[in-house]
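S.K.: Next up, start_27.cif (mmCIF, C-alpha atoms).
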```
data_start
#
loop_
_atom_site.label_atom_id
_atom_site.label_comp_id
_atom_site.auth_asym_id
_atom_site.auth_seq_id
_atom_site.Cartn_x
_atom_site.Cartn_y
_atom_site.Cartn_z
CA MET A 1 0.00 0.00 0.00
CA ALA A 2 1.47 3.36 -1.03
CA ARG A 3 2.18 5.86 1.70
CA PRO A 4 -0.03 8.99 1.53
CA GLU A 5 1.67 12.25 0.63
CA PRO A 6 2.13 14.64 3.57
CA ALA A 7 -0.47 17.33 3.89
CA ASN A 8 2.11 20.06 4.40
CA PRO A 9 5.18 19.89 2.16
CA ARG A 10 8.62 20.77 3.54
CA PRO A 11 9.34 24.54 3.42
CA GLU A 12 12.52 23.91 1.44
CA SER A 13 10.56 22.34 -1.41
CA ILE A 14 8.27 25.32 -1.93
CA ASP A 15 9.02 27.70 -4.74
CA ALA A 16 8.37 31.36 -3.96
CA ALA A 17 6.77 31.80 -7.39
CA GLU A 18 4.09 29.21 -6.52
CA VAL A 19 3.05 30.97 -3.32
CA PRO A 20 0.31 33.60 -3.56
CA SER A 21 1.42 37.21 -3.30
CA GLY A 22 1.72 38.40 0.31
CA ARG A 23 2.04 34.86 1.70
CA VAL A 24 5.63 34.02 0.78
CA GLU A 25 6.73 34.44 4.39
CA ALA A 26 4.40 31.65 5.49
CA ALA A 27 6.10 29.15 3.19
CA TYR A 28 9.53 29.35 4.81
CA SER A 29 11.11 28.52 8.12
CA TYR A 30 12.68 31.34 10.12
CA TRP A 31 16.18 30.88 8.65
CA GLY A 32 14.73 30.20 5.23
CA LEU A 33 12.80 33.46 5.43
CA ILE A 34 15.95 35.37 6.37
CA TRP A 35 17.78 33.87 3.37
CA TRP A 36 14.86 34.66 1.04
CA ARG A 37 14.74 38.28 2.22
CA PHE A 38 18.52 38.65 2.06
CA LYS A 39 18.63 37.47 -1.57
CA ARG A 40 16.35 40.36 -2.52
CA ASN A 41 18.86 42.89 -1.16
CA ARG A 42 21.21 43.47 -4.08
CA ILE A 43 23.67 45.59 -2.13
CA GLY A 44 23.94 42.94 0.58
CA VAL A 45 24.47 40.18 -1.98
CA LEU A 46 27.10 42.32 -3.72
CA GLY A 47 28.92 42.82 -0.43
CA GLY A 48 28.83 39.10 0.30
CA ALA A 49 30.16 38.25 -3.17
CA ALA A 50 32.99 40.78 -2.81
CA LEU A 51 33.97 39.31 0.56
CA PHE A 52 33.91 35.80 -0.85
CA LEU A 53 36.25 36.89 -3.63
CA LEU A 54 38.57 38.66 -1.18
CA TYR A 55 38.86 35.66 1.12
CA ALA A 56 39.28 33.34 -1.85
CA LEU A 57 42.31 35.43 -2.86
CA VAL A 58 43.96 36.07 0.51
CA LEU A 59 43.50 32.76 2.36
CA PRO A 60 45.44 30.62 -0.18
CA ALA A 61 47.99 33.41 -0.75
CA GLU A 62 50.74 30.88 -1.53
CA LEU A 63 48.69 29.90 -4.58
CA THR A 64 47.17 33.19 -5.66
CA ALA A 65 50.17 35.49 -5.11
CA PRO A 66 52.54 35.80 -8.10
CA TYR A 67 55.61 35.59 -5.84
CA PRO A 68 56.46 34.30 -2.34
CA LEU A 69 56.17 36.69 0.57
CA ASN A 70 59.85 37.52 1.05
CA GLU A 71 61.13 37.18 -2.52
CA ARG A 72 63.07 40.27 -3.51
CA HIS A 73 63.86 41.38 -7.03
CA THR A 74 67.02 43.38 -6.44
CA GLY A 75 67.15 44.61 -10.02
CA PHE A 76 63.60 45.98 -9.89
CA LEU A 77 63.27 48.46 -7.02
CA ASP A 78 60.29 50.84 -6.93
CA VAL A 79 58.88 49.58 -10.22
CA PRO A 80 55.51 51.16 -11.13
CA PRO A 81 52.55 48.88 -11.95
CA GLN A 82 52.79 46.97 -15.20
CA PHE A 83 49.93 47.18 -17.65
CA ILE A 84 48.45 44.05 -19.21
CA HIS A 85 48.25 44.31 -23.01
CA PHE A 86 46.28 42.55 -25.73
CA ILE A 87 47.58 44.47 -28.76
CA THR A 88 51.17 44.00 -29.93
CA PRO A 89 53.39 46.92 -31.07
CA ASP A 90 52.59 46.12 -34.71
CA GLY A 91 48.84 46.44 -34.06
CA ARG A 92 47.87 42.75 -33.90
CA PHE A 93 45.35 41.55 -31.32
CA ARG A 94 46.37 38.63 -29.12
CA LEU A 95 43.77 36.66 -27.24
CA ARG A 96 46.27 35.76 -24.54
CA PRO A 97 47.26 38.79 -22.44
CA PHE A 98 50.91 39.72 -22.09
CA VAL A 99 53.25 42.23 -20.45
CA TYR A 100 56.34 43.91 -21.80
CA GLY A 101 59.77 43.44 -20.35
CA LEU A 102 61.32 46.27 -18.35
CA LYS A 103 64.47 48.21 -19.05
CA GLN A 104 66.11 50.63 -16.66
CA GLU A 105 66.85 54.24 -17.53
CA ARG A 106 67.76 57.46 -15.72
CA ASP A 107 65.81 60.69 -15.69
CA PRO A 108 68.24 63.26 -17.15
CA GLU A 109 66.98 66.02 -14.83
CA THR A 110 66.35 64.31 -11.48
CA LEU A 111 68.63 61.26 -12.04
CA ARG A 112 65.87 59.08 -10.62
CA ARG A 113 65.75 55.46 -11.69
CA LEU A 114 63.06 54.81 -14.28
CA TYR A 115 61.62 51.57 -15.65
CA VAL A 116 60.13 51.76 -19.12
CA PRO A 117 58.46 48.98 -21.16
CA ASP A 118 60.62 47.16 -23.68
CA PRO A 119 58.43 46.30 -26.71
CA GLU A 120 61.03 43.83 -27.96
CA LYS A 121 60.42 41.55 -24.97
CA ILE A 122 56.92 40.12 -24.66
CA TYR A 123 55.94 37.71 -21.88
CA PRO A 124 52.50 36.03 -22.01
CA VAL A 125 50.53 35.99 -18.76
CA GLY A 126 49.53 32.46 -17.79
CA LEU A 127 47.73 30.49 -15.12
CA PHE A 128 49.51 28.21 -12.63
CA VAL A 129 52.92 29.37 -13.76
CA GLN A 130 55.93 27.66 -12.24
CA GLY A 131 58.05 29.91 -10.02
CA GLU A 132 59.81 30.01 -6.69
CA GLU A 133 58.78 27.53 -4.02
CA SER A 134 56.24 29.25 -1.76
CA TRP A 135 54.90 26.45 0.44
CA SER A 136 56.09 23.06 1.62
CA PHE A 137 54.70 20.38 3.89
CA LEU A 138 56.65 17.21 4.66
CA ALA A 139 57.70 15.89 1.24
CA PHE A 140 55.22 18.04 -0.69
CA THR A 141 56.29 21.39 -2.13
CA TRP A 142 54.31 23.97 -4.06
CA ASP A 143 55.92 26.14 -6.71
CA ARG A 144 52.93 27.05 -8.89
CA HIS A 145 51.27 30.46 -8.82
CA LEU A 146 47.80 31.35 -10.03
CA LEU A 147 48.94 34.21 -12.25
CA GLY A 148 52.37 35.08 -13.62
CA VAL A 149 54.83 34.93 -16.48
CA GLU A 150 57.60 32.50 -17.32
CA SER A 151 61.18 33.33 -16.33
CA PRO A 152 63.12 35.52 -17.11
CA GLY A 153 60.08 37.78 -17.32
CA ARG A 154 58.69 39.73 -14.36
CA PHE A 155 55.04 40.36 -13.56
CA PHE A 156 54.40 43.26 -11.17
CA LEU A 157 50.68 43.94 -11.36
CA LEU A 158 50.81 46.70 -8.71
CA GLY A 159 54.53 47.45 -8.87
CA THR A 160 57.24 46.79 -6.27
CA ASP A 161 58.30 48.46 -3.03
CA THR A 162 61.65 49.96 -2.08
CA GLN A 163 63.06 46.47 -1.38
CA GLY A 164 61.98 44.99 -4.70
CA ARG A 165 59.09 42.92 -3.32
CA ASP A 166 55.96 42.50 -5.42
CA LEU A 167 53.28 44.72 -3.90
CA PHE A 168 50.32 42.64 -5.07
CA SER A 169 51.78 39.55 -3.39
CA GLN A 170 52.39 41.56 -0.23
CA ILE A 171 48.76 42.76 -0.24
CA LEU A 172 47.42 39.20 -0.54
CA TYR A 173 49.61 37.92 2.29
CA GLY A 174 48.82 41.00 4.39
CA GLY A 175 45.11 40.67 3.72
CA ARG A 176 45.13 37.20 5.24
CA ILE A 177 46.36 38.71 8.52
CA SER A 178 44.11 41.79 8.51
CA LEU A 179 40.93 39.94 7.56
CA THR A 180 41.63 37.06 9.95
CA VAL A 181 42.13 39.47 12.86
CA GLY A 182 38.65 40.83 12.19
CA LEU A 183 37.00 37.40 12.13
CA VAL A 184 38.79 36.01 15.18
CA GLY A 185 38.34 39.23 17.15
CA VAL A 186 34.63 39.42 16.42
CA ALA A 187 34.22 35.71 17.29
CA LEU A 188 35.69 36.40 20.74
CA SER A 189 33.58 39.55 21.10
CA LEU A 190 30.50 37.56 20.07
CA VAL A 191 31.10 35.02 22.83
CA LEU A 192 31.80 37.65 25.50
CA GLY A 193 29.06 40.05 24.46
CA GLY A 194 26.47 37.33 23.95
CA ILE A 195 27.00 35.56 27.26
CA ILE A 196 27.33 38.71 29.35
CA GLY A 197 24.37 40.38 27.63
CA LEU A 198 22.12 37.36 28.15
CA LEU A 199 23.05 37.07 31.82
CA SER A 200 22.66 40.81 32.40
CA GLY A 201 19.20 40.94 30.85
CA TYR A 202 17.86 37.74 32.36
CA LEU A 203 19.24 37.95 35.91
CA GLY A 204 18.67 41.68 36.35
CA GLY A 205 19.05 43.30 39.76
CA ILE A 206 22.50 43.97 41.14
CA VAL A 207 24.12 41.75 38.50
CA ASP A 208 22.62 43.85 35.70
CA ASP A 209 23.66 47.10 37.40
CA LEU A 210 27.26 45.99 37.88
CA ILE A 211 27.59 44.72 34.31
CA GLN A 212 26.07 47.84 32.76
CA ARG A 213 28.21 50.22 34.84
CA GLY A 214 31.30 48.25 33.81
CA ILE A 215 30.32 48.46 30.13
CA GLU A 216 29.74 52.20 30.44
CA VAL A 217 33.22 52.66 31.91
CA LEU A 218 34.72 50.50 29.14
CA ILE A 219 33.07 52.32 26.22
CA SER A 220 33.74 55.76 27.71
CA PHE A 221 37.46 55.52 26.85
CA PRO A 222 38.55 56.67 23.36
CA SER A 223 39.32 53.60 21.28
CA ILE A 224 42.67 54.53 19.73
CA PRO A 225 44.40 55.69 22.97
CA LEU A 226 43.10 52.62 24.77
CA TRP A 227 44.38 50.34 22.00
CA ILE A 228 47.76 52.05 22.14
CA ALA A 229 47.97 51.66 25.92
CA LEU A 230 47.11 47.96 25.79
CA SER A 231 49.41 47.33 22.81
CA ALA A 232 52.30 48.89 24.72
CA ALA A 233 51.81 46.22 27.37
CA ILE A 234 52.68 43.44 24.90
CA PRO A 235 56.15 42.09 25.81
CA PRO A 236 58.73 43.10 23.18
CA GLU A 237 60.24 39.60 23.12
CA TRP A 238 57.05 38.03 21.75
CA ASN A 239 57.30 36.56 18.28
CA SER A 240 55.02 37.51 15.39
CA ILE A 241 52.44 34.80 16.10
CA GLN A 242 52.13 35.83 19.74
CA VAL A 243 51.77 39.48 18.75
CA PHE A 244 49.06 38.51 16.28
CA PHE A 245 46.98 36.75 18.95
CA GLY A 246 47.74 39.54 21.42
CA ILE A 247 46.34 42.15 19.05
CA THR A 248 43.29 39.96 18.43
CA VAL A 249 42.59 39.62 22.15
CA ILE A 250 43.06 43.36 22.67
CA LEU A 251 40.57 44.27 19.94
CA SER A 252 38.00 41.71 21.10
CA SER A 253 38.31 42.62 24.80
CA ILE A 254 37.29 46.19 23.97
CA GLY A 255 34.67 45.62 21.29
CA TRP A 256 32.17 43.44 23.15
CA GLY A 257 30.47 46.20 25.14
CA GLY A 258 28.10 47.44 22.45
CA LEU A 259 27.02 43.92 21.51
CA ALA A 260 26.34 43.06 25.16
CA ARG A 261 24.03 46.06 25.53
CA VAL A 262 22.06 45.13 22.41
CA VAL A 263 21.68 41.52 23.55
CA ARG A 264 20.62 42.71 27.01
CA GLY A 265 17.85 44.86 25.54
CA MET A 266 16.57 42.01 23.41
CA THR A 267 16.68 39.65 26.39
CA LEU A 268 14.59 42.06 28.47
CA SER A 269 11.91 42.05 25.78
CA LEU A 270 12.01 38.31 25.12
CA GLN A 271 11.75 37.24 28.75
CA ASN A 272 8.22 38.69 28.89
CA GLU A 273 7.03 36.47 26.04
CA ASP A 274 4.45 33.80 26.83
CA TYR A 275 6.70 30.84 25.97
CA VAL A 276 9.37 32.07 28.42
CA LYS A 277 6.79 32.56 31.18
CA ALA A 278 5.40 29.10 30.46
CA GLY A 279 8.89 27.63 30.88
CA ARG A 280 9.26 29.27 34.27
CA ILE A 281 5.85 28.08 35.44
CA ASN A 282 6.72 24.51 34.41
CA GLY A 283 9.92 24.60 36.45
CA ALA A 284 12.48 25.08 33.67
CA THR A 285 15.96 25.95 34.89
CA THR A 286 17.75 29.17 34.05
CA TRP A 287 20.13 27.26 31.78
CA TRP A 288 17.20 25.77 29.86
CA ILE A 289 15.44 29.11 29.38
CA VAL A 290 18.59 30.93 28.33
CA THR A 291 19.82 28.25 25.89
CA ARG A 292 16.47 27.11 24.46
CA HIS A 293 14.46 30.35 24.39
CA LEU A 294 16.52 33.51 24.82
CA PHE A 295 19.69 32.58 22.92
CA PRO A 296 17.90 31.45 19.70
CA GLY A 297 15.80 34.61 19.81
CA THR A 298 18.88 36.86 19.86
CA LEU A 299 21.15 34.78 17.61
CA SER A 300 20.20 36.43 14.32
CA TYR A 301 20.78 39.91 15.71
CA MET A 302 24.08 38.83 17.24
CA ILE A 303 25.23 37.62 13.82
CA VAL A 304 24.21 40.94 12.25
CA ALA A 305 25.94 42.96 14.98
CA ALA A 306 29.08 40.84 14.61
CA THR A 307 29.11 41.39 10.84
CA LEU A 308 28.88 45.14 11.33
CA ALA A 309 31.65 45.05 13.97
CA ILE A 310 34.24 43.31 11.76
CA PRO A 311 35.16 46.51 9.85
CA GLY A 312 35.97 48.19 13.15
CA MET A 313 38.29 45.32 14.05
CA ILE A 314 40.04 45.49 10.69
CA LEU A 315 40.49 49.26 10.95
CA GLY A 316 41.73 48.87 14.52
CA GLU A 317 44.45 46.42 13.50
CA THR A 318 45.38 48.63 10.55
CA ALA A 319 45.66 51.69 12.78
CA LEU A 320 47.82 49.89 15.36
CA SER A 321 50.12 48.44 12.70
CA PHE A 322 50.34 51.82 10.96
CA LEU A 323 51.43 53.40 14.26
CA GLY A 324 54.03 50.68 14.77
CA LEU A 325 52.22 49.11 17.76
CA GLY A 326 50.52 46.18 16.05
CA ILE A 327 51.74 43.55 13.62
CA GLN A 328 55.46 43.93 12.98
CA PRO A 329 57.75 42.63 10.22
CA PRO A 330 58.50 39.95 9.15
CA MET A 331 54.72 39.47 9.37
CA VAL A 332 52.83 41.70 7.00
CA SER A 333 49.38 43.24 7.17
CA TRP A 334 47.64 46.08 5.38
CA GLY A 335 48.62 48.42 8.21
CA VAL A 336 52.28 47.42 7.89
CA LEU A 337 52.13 48.05 4.14
CA LEU A 338 50.55 51.46 4.61
CA LYS A 339 53.23 52.44 7.10
CA GLN A 340 55.78 52.65 4.30
CA ALA A 341 53.53 55.08 2.42
CA GLN A 342 53.18 57.66 5.20
CA ASP A 343 55.92 59.92 3.81
CA ILE A 344 54.76 62.70 1.49
CA THR A 345 57.66 62.01 -0.87
CA VAL A 346 56.38 58.45 -1.29
CA LEU A 347 52.97 59.72 -2.31
CA ALA A 348 54.57 62.10 -4.77
CA HIS A 349 56.96 59.66 -6.48
CA LYS A 350 55.53 56.20 -5.64
CA PRO A 351 51.74 56.55 -5.44
CA TRP A 352 51.20 52.85 -6.14
CA LEU A 353 52.36 52.06 -2.58
CA ILE A 354 48.98 53.22 -1.24
CA ALA A 355 47.23 50.43 -3.17
CA PRO A 356 46.38 48.58 0.12
CA VAL A 357 43.93 51.42 0.83
CA PHE A 358 41.77 50.22 -2.08
CA PHE A 359 41.58 46.65 -0.73
CA LEU A 360 40.94 47.94 2.80
CA THR A 361 38.11 50.16 1.55
CA VAL A 362 36.53 47.33 -0.43
CA ALA A 363 36.67 45.01 2.60
CA VAL A 364 35.14 47.56 4.99
CA LEU A 365 32.38 48.59 2.57
CA SER A 366 31.58 44.95 1.75
CA PHE A 367 31.21 44.04 5.42
CA ASN A 368 28.96 47.07 5.94
CA PHE A 369 26.82 46.17 2.92
CA LEU A 370 26.58 42.56 4.09
CA GLY A 371 25.70 43.62 7.63
CA ASP A 372 23.00 46.01 6.43
CA GLY A 373 21.54 43.29 4.24
CA LEU A 374 21.47 40.78 7.09
CA ARG A 375 19.96 43.35 9.43
CA ASP A 376 17.12 44.09 7.02
CA ALA A 377 16.58 40.38 6.40
CA ALA A 378 16.40 39.58 10.13
CA ASP A 379 14.07 42.50 10.90
CA PRO A 380 10.45 41.57 10.20
CA PHE A 381 9.51 45.28 10.10
CA SER A 382 12.12 46.34 7.55
CA GLY A 383 9.52 46.51 4.78
CA GLN A 384 11.30 44.24 2.28
#
```
Using structure tokens, write down the structure from this file.
M.R.:
Amino acid sequence: MARPEPANPRPESIDAAEVPSGRVEAAYSYWGLIWWRFKRNRIGVLGGAALFLLYALVLPAELTAPYPLNERHTGFLDVPPQFIHFITPDGRFRLRPFVYGLKQERDPETLRRLYVPDPEKIYPVGLFVQGEESWSFLAFTWDRHLLGVESPGRFFLLGTDTQGRDLFSQILYGGRISLTVGLVGVALSLVLGGIIGLLSGYLGGIVDDLIQRGIEVLISFPSIPLWIALSAAIPPEWNSIQVFFGITVILSSIGWGGLARVVRGMTLSLQNEDYVKAGRINGATTWWIVTRHLFPGTLSYMIVAATLAIPGMILGETALSFLGLGIQPPMVSWGVLLKQAQDITVLAHKPWLIAPVFFLTVAVLSFNFLGDGLRDAADPFSGQ
């Protein structure tokens, strides 16, 4: 005997086009509704796609960067960005892009070193080009790079710095540090702010007063001077990895206050709901009410708040590294790269060294766009 079809199909199997107008929300679960509303926000989707592309480039930097982190091209110092060409000097179009070789000259007036394209040397740009070894694990080594040219050619998409290192490769390696600091820092802030906010709102009384007065004292300090003071407490003998985690803990230990206050306010409103009161009447423990009722009710807003807080973490690490109090060489971050461009003469003669600003701006704007999209999707009164 055949089993009867269920009366109510699963929400995942329902197509929004088949649902009558005005009743789409009823066809989805809570998380499915958030995803459906988020997909309609084009700016939020654009921000999420840009972040996906950024992380896809910076996380496997050994693969995506044209050159290893510390490879120096001593014969190519302060080279401006190379342009990718499709048309040869004789006017023929080539489907495969290429770059010209570089030859060194001297400016007759300023005697500055100049690098000009050499049309007689053409190097096709290829994928997974063999180069210097950039990563090794046990007996496995990796010497392929996503984009580059065959030796003896050079491929400097964004130019080189004063030490002859490829700037685009430096940006990808530095982006892995800067973007990871934001994620790890916000994860710690999410744990601290979520737990403390839930306890403050649910327990109330003297516990709530003490927590809120402590948060007010914490957020009353200016961020940059407080970061500088805490960064100065990092022991100078720490290695780069320890400094990285130290900066992450510093940023997260300061940034949880605002999230805790938001979670507290939501907890105060949720604990008056009927299902929470029913749990108390039936003898549910505090742990049960907090984990089964209050925490799920605030989770979506915590995720949105965390997404909007990541840009602040990234900018905080960049500011500390720019001031010389954060990540230090040989580790590289966007703040470390921008530190070498703080001289006015650099901006005048080597403007390509401020290229990390573009990637930093894209990352911050993308996180803000994504956070705004998630906030509108999680808010049932946003009007989407």
S.K.: Could you list the residues chosen by the PyMOL selection byres ((chain A and resi 73) around 8) in this structure as a PyMOL selection string?
M.R.: chain A and resi 71-72+74-77+163-165
S.K.: When the PyMOL selection byres ((chain A and resi 112-126) around 6) is applied to the structure above, which residues does it catch, written out as a ChimeraX atom specification?
M.R.: /A:97-107,110-111,127,147-149
S.K.: State, in Å with one decimal place, the distance from CA of Leu370 (chain A) to CA of Trp36 (chain A).
M.R.: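 Atom-to-atom, CA of Leu370 (chain A) and CA of Trp36 (chain A) are spaced 14.5 Å apart.
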S.K.: Which of these residues is nearest to Arg213 (chain A), using all atoms listed in the file: A:Ser200, A:Gln170, A:Ile281, A:Trp227?
M.R.: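 Selected residue with least distance to Arg213 (chain A): A:Ser200.
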S.K.: What would the list of residues within 12 Å of (26.0, 33.8, -1.5) (file frame) look like as a list in words, if only C-alpha atoms are what count?
M.R.: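 Nearby residues: Trp35, Trp36, Phe38, Lys39, Arg40, Asn41, Arg42, Gly44, Val45, Leu46, Gly47, Gly48, Ala49, Ala50, Leu51, Phe52, Leu53, Leu370, Gly373 and Leu374 of chain A.
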S.K.: I need the chosen residues saved as a compact mmCIF listing (two decimals), keeping the file's coordinate frame, with C-alpha atoms.
M.R.:
```txt
# COMPACT_ATOMS: atom_id res chain seq x y z
CA TRP A 35 17.78 33.87 3.37
CA TRP A 36 14.86 34.66 1.04
CA PHE A 38 18.52 38.65 2.06
CA LYS A 39 18.63 37.47 -1.57
CA ARG A 40 16.35 40.36 -2.52
CA ASN A 41 18.86 42.89 -1.16
CA ARG A 42 21.21 43.47 -4.08
CA GLY A 44 23.94 42.94 0.58
CA VAL A 45 24.47 40.18 -1.98
CA LEU A 46 27.10 42.32 -3.72
CA GLY A 47 28.92 42.82 -0.43
CA GLY A 48 28.83 39.10 0.30
CA ALA A 49 30.16 38.25 -3.17
CA ALA A 50 32.99 40.78 -2.81
CA LEU A 51 33.97 39.31 0.56
CA PHE A 52 33.91 35.80 -0.85
CA LEU A 53 36.25 36.89 -3.63
CA LEU A 370 26.58 42.56 4.09
CA GLY A 373 21.54 43.29 4.24
CA LEU A 374 21.47 40.78 7.09
```
S.K.: Please report the interatomic distance between CA of Thr345 (chain A) and CA of Ile224 (chain A) in Å with one decimal.
M.R.: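 If I compute the distance from CA of Thr345 (chain A) to CA of Ile224 (chain A), I get 26.6 Å.
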S.K.: Decode the PyMOL selection byres ((chain A and resi 58-67) around 6) for the given file into explicit residues and return them as a list in words.
M.R.: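 Taken over the shown coordinates, the PyMOL selection byres ((chain A and resi 58-67) around 6) returns Tyr55, Ala56, Leu57, Pro68, Ser134, His145, Leu146, Leu147, Gly148, Ser169, Leu172, Tyr173, Gly175 and Arg176 of chain A.
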S.K.: Would you mind listing what lies within 12 Å of region 232-236 of chain A as number ranges by chain, with all atoms listed in the file counted and same-chain residues fewer than 6 positions away left out?
M.R.: A: 225-226, 242-250, 320, 323-328
S.K.: For His85 (chain A), which of A:Leu69, A:Leu157, A:Phe128, A:Phe295 is the closest residue, counting all atoms listed in the file?
M.R.: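 Closest to His85 (chain A) of all the choices is A:Leu157.
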S.K.: Expressed in Å to a single decimal, how great is the separation between CA of Arg154 (chain A) and CA of Asn70 (chain A)?
M.R.: 15.6 Å
S.K.: Let me make sure I understand: among A:Arg144, A:Leu158, A:Leu183, A:Trp287, which one has the smallest atom-to-atom distance to Phe358 (chain A) if we use all atoms listed in the file?
M.R.: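 For Phe358 (chain A), the nearest of the candidates is A:Leu158.
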S.K.: Given 8 Å on each side, where is the centre and what are the edge lengths in Å to one decimal of the axis-aligned box enclosing the listed atoms of region 151-162 of chain A, as JSON?
M.R.:
```
{"center_x": 56.9, "center_y": 41.6, "center_z": -9.7, "size_x": 28.4, "size_y": 32.6, "size_z": 31.2}
```
S.K.: Just checking: using only C-alpha atoms, which residue out of A:Asp90, A:Leu270, A:Asp376, A:Val332 ends up closest to Leu198 (chain A)?
M.R.: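 Answer, going by the shortest atom-to-atom distance: A:Leu270.
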S.K.: Considering all atoms listed in the file, return as a list in words whatever protein or nucleic-acid residues lie within 9 Å of Val357 (chain A), sequence-local ones (same chain, fewer than 5 positions apart) excluded.
M.R.: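 Counting all atoms listed in the file, the residues come to Trp334, Leu338 and Val362 of chain A.
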S.K.: From the options A:Val364, A:Ala229, A:Met313, A:Met266, which residue's atoms come nearest to Val186 (chain A), counting all atoms listed in the file?
M.R.: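 Among the listed residues, the smallest separation from Val186 (chain A) belongs to A:Met313.
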